[in-house]
$ cat input.cif   # mmCIF, C-alpha atoms
data_target
#
loop_
_atom_site.label_atom_id
_atom_site.label_comp_id
_atom_site.auth_asym_id
_atom_site.auth_seq_id
_atom_site.Cartn_x
_atom_site.Cartn_y
_atom_site.Cartn_z
CA MET A 14 29.66 -33.19 -0.35
CA ILE A 15 30.89 -35.35 -3.24
CA ILE A 16 27.44 -35.53 -4.79
CA TYR A 17 27.19 -31.72 -4.84
CA ILE A 18 30.64 -31.43 -6.42
CA LEU A 19 29.66 -33.92 -9.14
CA ALA A 20 26.35 -32.12 -9.67
CA ALA A 21 28.16 -28.78 -9.98
CA ILE A 22 30.66 -30.17 -12.50
CA LEU A 23 27.83 -31.73 -14.50
CA VAL A 24 25.83 -28.47 -14.52
CA PHE A 25 28.84 -26.47 -15.66
CA GLY A 26 29.61 -28.99 -18.40
CA VAL A 27 26.00 -29.10 -19.61
CA LEU A 28 25.81 -25.31 -19.86
CA ILE A 29 28.91 -25.18 -22.05
CA ALA A 30 27.64 -28.09 -24.16
CA VAL A 31 24.30 -26.30 -24.61
CA HIS A 32 26.22 -23.27 -25.84
CA GLU A 33 27.92 -25.34 -28.54
CA LEU A 34 24.60 -26.99 -29.38
CA GLY A 35 23.26 -23.53 -30.18
CA HIS A 36 26.06 -22.96 -32.70
CA PHE A 37 25.44 -26.43 -34.17
CA LEU A 38 21.69 -26.00 -34.64
CA ALA A 39 22.12 -22.53 -36.16
CA ALA A 40 24.85 -23.79 -38.49
CA ARG A 41 22.68 -26.66 -39.71
CA ALA A 42 19.69 -24.35 -40.15
CA CYS A 43 21.84 -22.04 -42.31
CA GLY A 44 23.23 -24.91 -44.39
CA VAL A 45 26.77 -24.69 -43.00
CA ARG A 46 28.76 -27.92 -42.99
CA VAL A 47 29.73 -29.04 -39.48
CA ASN A 48 32.76 -31.32 -39.54
CA GLU A 49 32.43 -32.42 -35.92
CA PHE A 50 30.03 -31.87 -33.06
CA SER A 51 31.36 -33.10 -29.73
CA ILE A 52 29.89 -33.33 -26.25
CA GLY A 53 32.69 -33.25 -23.69
CA MET A 54 36.43 -32.91 -24.21
CA GLY A 55 39.39 -35.27 -24.39
CA PRO A 56 39.52 -38.84 -25.75
CA ALA A 57 36.40 -40.05 -27.57
CA LEU A 58 34.26 -42.61 -25.75
CA TRP A 59 31.86 -42.91 -28.68
CA GLN A 60 31.77 -41.42 -32.14
CA LYS A 61 29.73 -41.87 -35.29
CA GLN A 62 29.94 -40.36 -38.74
CA LYS A 63 26.55 -39.27 -40.06
CA GLY A 64 26.57 -37.40 -43.34
CA ASP A 65 29.24 -34.70 -43.25
CA THR A 66 29.35 -34.56 -39.46
CA LEU A 67 31.27 -36.67 -36.96
CA TYR A 68 29.30 -36.89 -33.71
CA ALA A 69 31.38 -37.65 -30.61
CA TRP A 70 30.93 -38.22 -26.89
CA ARG A 71 34.18 -37.52 -25.09
CA LEU A 72 35.63 -38.45 -21.72
CA PHE A 73 35.60 -35.20 -19.74
CA PRO A 74 32.11 -33.64 -19.26
CA VAL A 75 33.39 -30.06 -19.27
CA GLY A 76 31.99 -28.62 -22.47
CA GLY A 77 32.11 -29.49 -26.13
CA TYR A 78 32.77 -27.92 -29.51
CA CYS A 79 31.22 -27.40 -32.92
CA ALA A 80 33.85 -27.47 -35.68
CA MET A 81 32.45 -25.77 -38.79
CA GLU A 82 33.99 -25.81 -42.26
CA GLY A 83 35.56 -22.44 -43.00
CA GLU A 84 35.64 -21.33 -39.37
CA GLU A 85 39.41 -21.35 -38.87
CA GLU A 86 40.47 -20.63 -42.45
CA ASP A 87 38.77 -19.80 -45.73
CA SER A 88 37.31 -22.72 -47.67
CA ASP A 89 36.06 -23.04 -51.26
CA ASP A 90 33.17 -25.21 -50.08
CA PRO A 91 29.86 -23.35 -50.74
CA ALA A 92 28.63 -24.75 -47.43
CA ALA A 93 31.59 -23.29 -45.52
CA LEU A 94 31.00 -20.65 -42.85
CA ASN A 95 33.18 -18.08 -44.60
CA ASN A 96 30.94 -18.24 -47.70
CA GLN A 97 27.74 -17.38 -45.82
CA GLY A 98 26.02 -14.01 -45.73
CA PHE A 99 26.10 -11.45 -42.93
CA TRP A 100 22.85 -12.48 -41.26
CA GLN A 101 23.64 -16.21 -41.38
CA LYS A 102 27.01 -15.61 -39.70
CA LEU A 103 25.45 -13.29 -37.13
CA LEU A 104 22.87 -15.92 -36.19
CA ILE A 105 25.48 -18.68 -35.93
CA PHE A 106 27.83 -16.58 -33.79
CA ALA A 107 25.04 -15.41 -31.47
CA ALA A 108 23.24 -18.77 -31.23
CA GLY A 109 25.41 -20.11 -28.41
CA ALA A 110 24.64 -17.14 -26.16
CA ILE A 111 20.95 -17.29 -27.13
CA MET A 112 20.82 -20.96 -26.11
CA ASN A 113 22.48 -20.18 -22.77
CA PHE A 114 19.99 -17.40 -22.06
CA LEU A 115 17.03 -19.60 -23.02
CA THR A 116 18.40 -22.38 -20.81
CA GLY A 117 18.60 -20.00 -17.86
CA LEU A 118 15.08 -18.74 -18.57
CA LEU A 119 13.73 -22.31 -18.82
CA ILE A 120 15.27 -23.25 -15.46
CA ILE A 121 13.68 -20.20 -13.81
CA LEU A 122 10.31 -21.01 -15.40
CA LEU A 123 10.48 -24.54 -13.98
CA LEU A 124 11.42 -23.25 -10.54
CA TYR A 125 8.46 -20.85 -10.42
CA ALA A 126 5.98 -23.16 -12.16
CA GLY A 127 4.36 -24.33 -8.93
CA VAL A 128 4.64 -21.11 -6.93
CA LYS A 129 1.28 -19.92 -5.55
CA GLU A 130 2.41 -16.55 -4.16
CA LEU A 131 5.19 -14.11 -5.02
CA TYR A 132 6.76 -11.31 -3.01
CA THR A 133 6.13 -7.89 -4.52
CA ALA A 134 7.78 -4.48 -4.20
CA LYS A 135 4.48 -3.01 -2.95
CA ILE A 136 4.65 -1.51 0.56
CA ALA A 137 2.25 -3.41 2.81
CA GLY A 138 3.00 -1.42 5.96
CA PHE A 139 5.62 0.32 8.09
CA ALA A 140 7.36 -0.78 11.24
CA GLU A 141 6.41 0.97 14.47
CA GLY A 142 8.25 4.27 14.67
CA CYS A 143 9.27 4.33 11.01
CA PRO A 144 9.55 8.00 9.90
CA LEU A 145 9.26 7.28 6.16
CA GLU A 146 5.46 7.28 6.02
CA SER A 147 4.01 10.69 5.21
CA GLU A 148 1.93 12.54 2.66
CA SER A 149 5.09 13.78 0.96
CA GLY A 150 6.99 10.55 1.52
CA LEU A 151 6.12 6.88 1.17
CA GLN A 152 2.66 5.46 1.74
CA VAL A 153 1.03 2.06 2.17
CA GLY A 154 0.23 0.63 -1.28
CA ASP A 155 3.17 2.32 -3.02
CA GLU A 156 4.89 -0.02 -5.46
CA VAL A 157 8.60 0.75 -5.73
CA LEU A 158 9.51 0.87 -9.42
CA SER A 159 13.12 2.03 -9.28
CA VAL A 160 15.89 2.95 -6.86
CA ASP A 161 18.56 5.46 -7.90
CA GLY A 162 17.68 4.98 -11.56
CA GLU A 163 17.81 1.17 -11.46
CA ARG A 164 14.54 -0.63 -12.18
CA ILE A 165 13.06 -3.10 -9.71
CA TYR A 166 12.64 -6.29 -11.74
CA ILE A 167 11.99 -8.64 -8.83
CA TYR A 168 11.44 -8.20 -5.11
CA ASN A 169 15.04 -9.16 -4.23
CA ASP A 170 16.29 -6.11 -6.13
CA LEU A 171 15.07 -3.86 -3.33
CA GLY A 172 17.57 -5.07 -0.79
CA MET A 173 20.43 -5.14 -3.29
CA LEU A 174 19.84 -1.63 -4.67
CA LEU A 175 19.15 -0.04 -1.28
CA SER A 176 22.37 -1.52 0.11
CA GLN A 177 24.46 -0.01 -2.69
CA ASN A 178 23.57 3.55 -1.77
CA THR A 179 26.14 5.12 0.57
CA THR A 180 24.72 8.65 0.72
CA GLY A 181 21.55 7.98 2.70
CA LYS A 182 19.51 9.88 0.10
CA PHE A 183 17.65 7.92 -2.56
CA ASP A 184 15.98 8.73 -5.86
CA LEU A 185 12.81 6.66 -5.75
CA VAL A 186 10.04 6.16 -8.29
CA VAL A 187 6.85 4.56 -6.99
CA ARG A 188 3.46 3.77 -8.50
CA ARG A 189 0.68 5.27 -6.42
CA GLY A 190 -2.94 5.08 -7.46
CA GLY A 191 -2.00 4.18 -11.02
CA GLU A 192 0.39 7.14 -11.39
CA LYS A 193 4.15 7.40 -11.06
CA VAL A 194 5.47 9.53 -8.19
CA THR A 195 9.12 10.59 -8.04
CA LEU A 196 10.88 11.17 -4.72
CA ASN A 197 14.29 12.75 -5.33
CA ASP A 198 16.93 12.89 -2.60
CA PHE A 199 14.56 11.07 -0.28
CA PRO A 200 16.34 10.53 3.06
CA MET A 201 16.30 6.96 4.36
CA GLU A 202 18.40 5.59 7.19
CA GLN A 203 18.50 2.14 8.71
CA ALA A 204 17.42 1.85 12.31
CA GLU A 205 16.41 -0.81 14.83
CA TYR A 206 12.75 -1.79 14.62
CA PRO A 207 10.62 -4.40 16.43
CA SER A 208 10.09 -7.61 14.48
CA THR A 209 7.00 -9.81 14.38
CA ASP A 210 8.68 -12.53 16.48
CA GLY A 211 9.14 -10.19 19.45
CA GLY A 212 12.77 -9.33 18.70
CA THR A 213 14.30 -6.50 16.73
CA TYR A 214 15.95 -6.06 13.35
CA VAL A 215 17.98 -3.36 11.63
CA GLY A 216 16.46 -2.04 8.41
CA TYR A 217 14.45 0.74 6.83
CA GLY A 218 11.17 -0.21 8.49
CA LEU A 219 9.40 -1.06 5.25
CA ASN A 220 7.19 -4.15 5.16
CA PHE A 221 6.41 -5.96 1.94
CA GLY A 222 4.00 -8.81 1.38
CA LYS A 223 3.06 -11.56 -1.05
CA GLU A 224 0.33 -11.64 -3.66
CA GLU A 225 -1.37 -14.60 -5.31
CA ALA A 226 0.44 -15.48 -8.53
CA THR A 227 -1.41 -16.23 -11.75
CA VAL A 228 0.19 -18.04 -14.69
CA GLY A 229 0.87 -14.66 -16.29
CA ASP A 230 2.50 -13.41 -13.08
CA ARG A 231 4.80 -16.42 -12.97
CA LEU A 232 5.79 -16.00 -16.62
CA ARG A 233 6.43 -12.29 -16.17
CA TYR A 234 8.38 -12.83 -12.93
CA SER A 235 10.54 -15.50 -14.58
CA TRP A 236 11.33 -13.23 -17.53
CA ASN A 237 12.13 -10.32 -15.21
CA ASN A 238 14.36 -12.60 -13.13
CA ALA A 239 16.34 -13.56 -16.24
CA ILE A 240 16.69 -9.91 -17.28
CA ASP A 241 17.76 -9.11 -13.72
CA PHE A 242 20.58 -11.65 -14.11
CA VAL A 243 21.70 -9.77 -17.23
CA ARG A 244 21.81 -6.56 -15.20
CA LEU A 245 23.85 -8.25 -12.46
CA VAL A 246 26.53 -9.03 -15.05
CA ARG A 247 26.47 -5.43 -16.28
CA MET A 248 26.75 -4.07 -12.75
CA SER A 249 29.60 -6.46 -11.96
CA LEU A 250 31.50 -5.28 -15.03
CA GLN A 251 30.91 -1.66 -13.99
CA MET A 252 32.36 -2.44 -10.56
CA ILE A 253 35.47 -3.92 -12.19
CA PHE A 254 35.96 -0.90 -14.47
CA ARG A 255 35.49 1.49 -11.52
CA GLY A 256 38.00 -0.46 -9.45
CA ASP A 257 35.41 -1.48 -6.86
CA ALA A 258 36.13 -5.15 -7.64
CA GLY A 259 39.15 -7.03 -8.93
CA ILE A 260 40.37 -10.43 -10.02
CA LYS A 261 40.13 -11.69 -6.44
CA ASP A 262 36.37 -11.11 -6.58
CA MET A 263 35.90 -13.15 -9.77
CA SER A 264 35.17 -16.88 -9.88
CA GLY A 265 36.24 -19.48 -12.40
CA PRO A 266 35.15 -23.12 -12.72
CA VAL A 267 36.68 -24.06 -9.35
CA GLY A 268 34.95 -21.15 -7.62
CA ILE A 269 31.64 -21.95 -9.28
CA VAL A 270 31.83 -25.61 -8.24
CA SER A 271 32.76 -24.51 -4.72
CA THR A 272 29.82 -22.10 -4.55
CA MET A 273 27.36 -24.70 -5.83
CA THR A 274 28.64 -27.20 -3.27
CA GLU A 275 28.26 -24.65 -0.48
CA VAL A 276 24.74 -23.76 -1.63
CA GLY A 277 23.78 -27.43 -1.68
CA GLU A 278 25.23 -28.21 1.75
CA GLN A 279 23.52 -25.23 3.40
CA ALA A 280 20.06 -26.22 2.15
CA ALA A 281 17.55 -27.51 4.68
CA SER A 282 16.44 -30.42 2.47
CA VAL A 283 17.36 -32.22 -0.72
CA ARG A 284 14.55 -30.40 -2.54
CA ASP A 285 15.90 -27.04 -1.38
CA ALA A 286 19.41 -28.07 -2.42
CA VAL A 287 18.20 -28.97 -5.93
CA ASP A 288 16.27 -25.70 -6.21
CA ASN A 289 19.22 -23.63 -4.98
CA ILE A 290 21.68 -25.30 -7.36
CA ALA A 291 19.21 -24.94 -10.23
CA TYR A 292 18.76 -21.23 -9.48
CA LEU A 293 22.52 -20.74 -9.42
CA ALA A 294 22.78 -22.71 -12.68
CA ALA A 295 20.27 -20.30 -14.25
CA LEU A 296 22.39 -17.36 -13.11
CA ILE A 297 25.52 -18.94 -14.57
CA ALA A 298 23.74 -19.71 -17.85
CA VAL A 299 22.66 -16.09 -18.30
CA ASN A 300 26.12 -14.95 -17.20
CA LEU A 301 27.73 -17.12 -19.89
CA ALA A 302 25.33 -15.68 -22.47
CA VAL A 303 26.20 -12.07 -21.65
CA MET A 304 29.94 -12.61 -21.23
CA ASN A 305 30.20 -14.47 -24.53
CA LEU A 306 28.64 -11.51 -26.35
CA LEU A 307 31.25 -9.05 -25.09
CA PRO A 308 33.23 -7.67 -28.08
CA LEU A 309 36.47 -9.35 -27.01
CA PRO A 310 38.75 -11.47 -29.23
CA ALA A 311 38.10 -15.24 -29.11
CA LEU A 312 34.58 -14.74 -27.76
CA ASP A 313 31.43 -14.87 -29.86
CA GLY A 314 31.03 -11.15 -29.30
CA GLY A 315 34.50 -10.62 -30.75
CA LYS A 316 33.54 -12.56 -33.86
CA ILE A 317 30.37 -10.49 -34.19
CA PHE A 318 32.46 -7.33 -33.78
CA PHE A 319 34.74 -8.35 -36.69
CA LEU A 320 31.69 -9.37 -38.71
CA VAL A 321 30.21 -5.88 -38.34
CA LEU A 322 33.63 -4.28 -38.87
CA ASN A 323 34.13 -6.19 -42.11
CA ALA A 324 30.64 -5.26 -43.31
CA LEU A 325 31.37 -1.57 -42.70
CA SER A 326 34.79 -1.93 -44.31
CA MET A 327 33.20 -3.39 -47.44
CA LEU A 328 30.80 -0.45 -47.64
CA VAL A 329 33.56 2.15 -47.25
CA ILE A 330 36.72 0.78 -48.90
CA ARG A 331 35.47 -2.44 -50.55
CA LYS A 332 37.97 -4.53 -48.60
CA GLN A 333 37.81 -6.91 -45.66
CA ILE A 334 40.27 -7.81 -42.95
CA PRO A 335 42.08 -10.97 -44.13
CA THR A 336 40.85 -14.02 -42.25
CA LYS A 337 44.34 -15.00 -41.12
CA TYR A 338 44.88 -11.66 -39.37
CA GLU A 339 41.51 -11.88 -37.66
CA ASN A 340 42.44 -15.39 -36.50
CA TYR A 341 45.74 -14.07 -35.12
CA ILE A 342 43.81 -11.56 -33.02
CA HIS A 343 41.38 -14.20 -31.79
CA PHE A 344 44.28 -16.51 -30.95
CA ALA A 345 46.00 -13.77 -28.97
CA GLY A 346 42.73 -13.04 -27.19
CA LEU A 347 42.34 -16.74 -26.38
CA ILE A 348 45.81 -16.83 -24.83
CA LEU A 349 45.00 -13.78 -22.69
CA LEU A 350 41.67 -15.26 -21.61
CA LEU A 351 43.32 -18.57 -20.71
CA GLY A 352 45.96 -16.68 -18.74
CA LEU A 353 43.25 -14.75 -16.90
CA MET A 354 41.44 -18.01 -16.21
CA VAL A 355 44.62 -19.51 -14.74
CA VAL A 356 45.00 -16.52 -12.40
CA ILE A 357 41.32 -16.67 -11.36
CA THR A 358 41.55 -20.43 -10.81
CA PHE A 359 44.65 -19.90 -8.63
CA HIS A 360 42.68 -17.43 -6.50
CA ASP A 361 39.76 -19.89 -6.31
CA VAL A 362 42.04 -22.67 -5.07
CA TRP A 363 43.78 -20.30 -2.67
CA LYS A 364 40.42 -19.28 -1.17
CA LEU A 365 39.52 -22.94 -0.64
CA PHE A 366 42.59 -23.44 1.54
CA THR A 367 42.47 -20.09 3.33
#

$ encode --input "input.cif" --output "structure tokens"
Amino acid sequence: MIIYILAAILVFGVLIAVHELGHFLAARACGVRVNEFSIGMGPALWQKQKGDTLYAWRLFPVGGYCAMEGEEEDSDDPAALNNQGFWQKLLIFAAGAIMNFLTGLLIILLLYAGVKELYTAKIAGFAEGCPLESESGLQVGDEVLSVDGERIYIYNDLGMLLSQNTTGKFDLVVRRGGEKVTLNDFPMEQAEYPSTDGGTYVGYGLNFGKEEATVGDRLRYSWNNAIDFVRLVRMSLQMIFRGDAGIKDMSGPVGIVSTMTEVGEQAASVRDAVDNIAYLAALIAVNLAVMNLLPLPALDGGKIFFLVLNALSMLVIRKQIPTKYENYIHFAGLILLLGLMVVITFHDVWKLFT
């Protein structure tokens, strides 16, 4: 158990450090002076001054930071962040999220690199007694493209999207013979069907198979998997705004470490445990990318929002929001986010004991 906890903490710390590395590389590429680039937090275990930048390795492996000249307050230095153009600032602010997304994509690519076959959303057959097969309904060879307006990126989307429908009538789009066929208000109900092992299962009676995967298939599947992670974040946010989910359903660092530990312990082998933790790490990496781009104060998305707002303000009234006021807003947002994180962490700890 301890090894999975340490692995989870390390993964979480690396993902945050990679985020800051994105800001650092973009800042250097744009000629912005970086006063300090640190891996980890807390007391410095090692540090070295090289040029204008102090590089540090700190005690706690839970993140890092990239301190740029002119980030917190205006500076007269030509190499300061505040003296850069719109596109340079946009790249620097977005670079952390871009690095997180690319990290998640790279992990997925590595996981699928050796896969010989992949499950597809193409119907291979129907269970005995399944009423869904008909000339006006579904047919063998149909590839399900979307369910209730949501695209099927990867095979696992089928189960998720079908389970979210509570009406029993689905809007399906399938590819049949090279053409798209739309089935609106198509009735589908779960029932008990015989399984291949002699038992029974409850489902829709649709059977799907695997197909041999080429290099192109693996690349496309990996990309679609990463995009599917982006959609999962969007759907989760929609559930929160609709009231279908709340703070108790969110997870902070403690919850993430707990989930990774559980995933590792439930694996049948060490290889499966590594793969499962890596897959979850990819999900978290993409999640961090999307969440950081939300237009909220203190987040990268909030900084991009003010960047765009200031650009529009300059076009209309030839004035910008003073940096100190923008910093006040970001500081207030940081306090709120930290407060939210405390509440979520409390719930995570409470769930561990209950």

$ residues_around --input "input.cif" --residues "Asp230 in chain A" --least-positions-apart "6" --cutoff "10 Å" --atoms "only C-alpha atoms" --output "list in words"
Tyr125, Glu130, Leu131, Glu224 and Trp236 of chain A

$ closest_residue --input "input.cif" --among "A:Pro74, A:Gly35, A:Gly256, A:Gly346" --to "Ala302 in chain A" --atoms "only C-alpha atoms"
A:Gly35

$ closest_residue --input "input.cif" --among "A:Val270, A:Leu122, A:Ile240, A:Ala92" --to "Phe25 in chain A" --atoms "only C-alpha atoms"
A:Val270

$ resolve_selection --input "input.cif" --expression "the PyMOL selection byres ((chain A and resi 144) around 12)" --output "count of residues only"
23

$ atom_distance --input "input.cif" --atom1 "CA of Phe99 in chain A" --atom2 "CA of Gly83 in chain A"
14.5 Å

$ resolve_selection --input "input.cif" --expression "the PyMOL selection byres ((chain A and resi 176-183) around 12)" --output "PyMOL selection string"
chain A and resi 150+157+159-163+169-175+184-186+195-203+216-217+248+252+257

$ closest_residue --input "input.cif" --among "A:Arg284, A:Thr272, A:Asp89, A:Gln97" --to "Lys364 in chain A" --atoms "only C-alpha atoms"
A:Thr272

$ residues_around --input "input.cif" --residues "Glu339 in chain A" --least-positions-apart "3" --cutoff "12 Å" --atoms "all atoms listed in the file" --output "list in words"
Glu84, Glu85, Glu86, Asp87, Pro310, Ala311, Gly315, Lys316, Ile317, Phe318, Phe319, Leu320, Leu322, Asn323, Gln333, Ile334, Pro335, Thr336, Ile342, His343, Phe344, Ala345 and Gly346 of chain A

$ residues_around --input "input.cif" --residues "range 47-60 of chain A" --least-positions-apart "3" --cutoff "7 Å" --atoms "only C-alpha atoms" --output "ChimeraX atom specification"
/A:30,65-82

$ residues_around --input "input.cif" --residues "Asn305 in chain A" --least-positions-apart "4" --cutoff "8 Å" --atoms "only C-alpha atoms" --output "NGL selection string"
:A and (110 or 301 or 312-314)

$ axis_aligned_box --input "input.cif" --around "range 114-119 of chain A" --padding-each-side "8 Å" --output "lines of an AutoDock Vina configuration file"
center_x = 16.9
center_y = -19.9
center_z = -20.4
size_x = 22.3
size_y = 21.0
size_z = 21.2

$ atom_distance --input "input.cif" --atom1 "CA of Leu347 in chain A" --atom2 "CA of Ala42 in chain A"
27.6 Å

$ atom_distance --input "input.cif" --atom1 "CA of Tyr338 in chain A" --atom2 "CA of Pro91 in chain A"
22.2 Å

$ decode --input "input.cif" --residues "range 351-362 of chain A" --atoms "N, CA and C atoms" --output "short mmCIF file (atom, residue, chain, number, x, y, z; two decimals), in the first residue's frame"
data_model
loop_
_atom_site.label_atom_id
_atom_site.label_comp_id
_atom_site.auth_asym_id
_atom_site.auth_seq_id
_atom_site.Cartn_x
_atom_site.Cartn_y
_atom_site.Cartn_z
N LEU A 351 -8.27 28.19 -2.38
CA LEU A 351 -7.65 27.48 -1.26
C LEU A 351 -8.70 27.04 -0.25
N GLY A 352 -9.69 27.92 -0.02
CA GLY A 352 -10.78 27.56 0.89
C GLY A 352 -11.57 26.37 0.37
N LEU A 353 -11.85 26.39 -0.94
CA LEU A 353 -12.56 25.27 -1.56
C LEU A 353 -11.74 23.99 -1.44
N MET A 354 -10.43 24.12 -1.64
CA MET A 354 -9.55 22.96 -1.54
C MET A 354 -9.54 22.39 -0.12
N VAL A 355 -9.59 23.27 0.87
CA VAL A 355 -9.65 22.80 2.26
C VAL A 355 -10.92 22.00 2.50
N VAL A 356 -12.05 22.51 2.00
CA VAL A 356 -13.32 21.82 2.18
C VAL A 356 -13.30 20.47 1.47
N ILE A 357 -12.79 20.44 0.22
CA ILE A 357 -12.73 19.19 -0.53
C ILE A 357 -11.81 18.19 0.16
N THR A 358 -10.67 18.69 0.67
CA THR A 358 -9.73 17.81 1.38
C THR A 358 -10.36 17.23 2.63
N PHE A 359 -11.15 18.06 3.34
CA PHE A 359 -11.86 17.57 4.53
C PHE A 359 -12.79 16.42 4.16
N HIS A 360 -13.52 16.59 3.05
CA HIS A 360 -14.42 15.53 2.59
C HIS A 360 -13.63 14.28 2.19
N ASP A 361 -12.47 14.48 1.55
CA ASP A 361 -11.63 13.33 1.16
C ASP A 361 -11.19 12.54 2.40
N VAL A 362 -10.73 13.27 3.41
CA VAL A 362 -10.28 12.61 4.65
C VAL A 362 -11.45 11.93 5.34
#
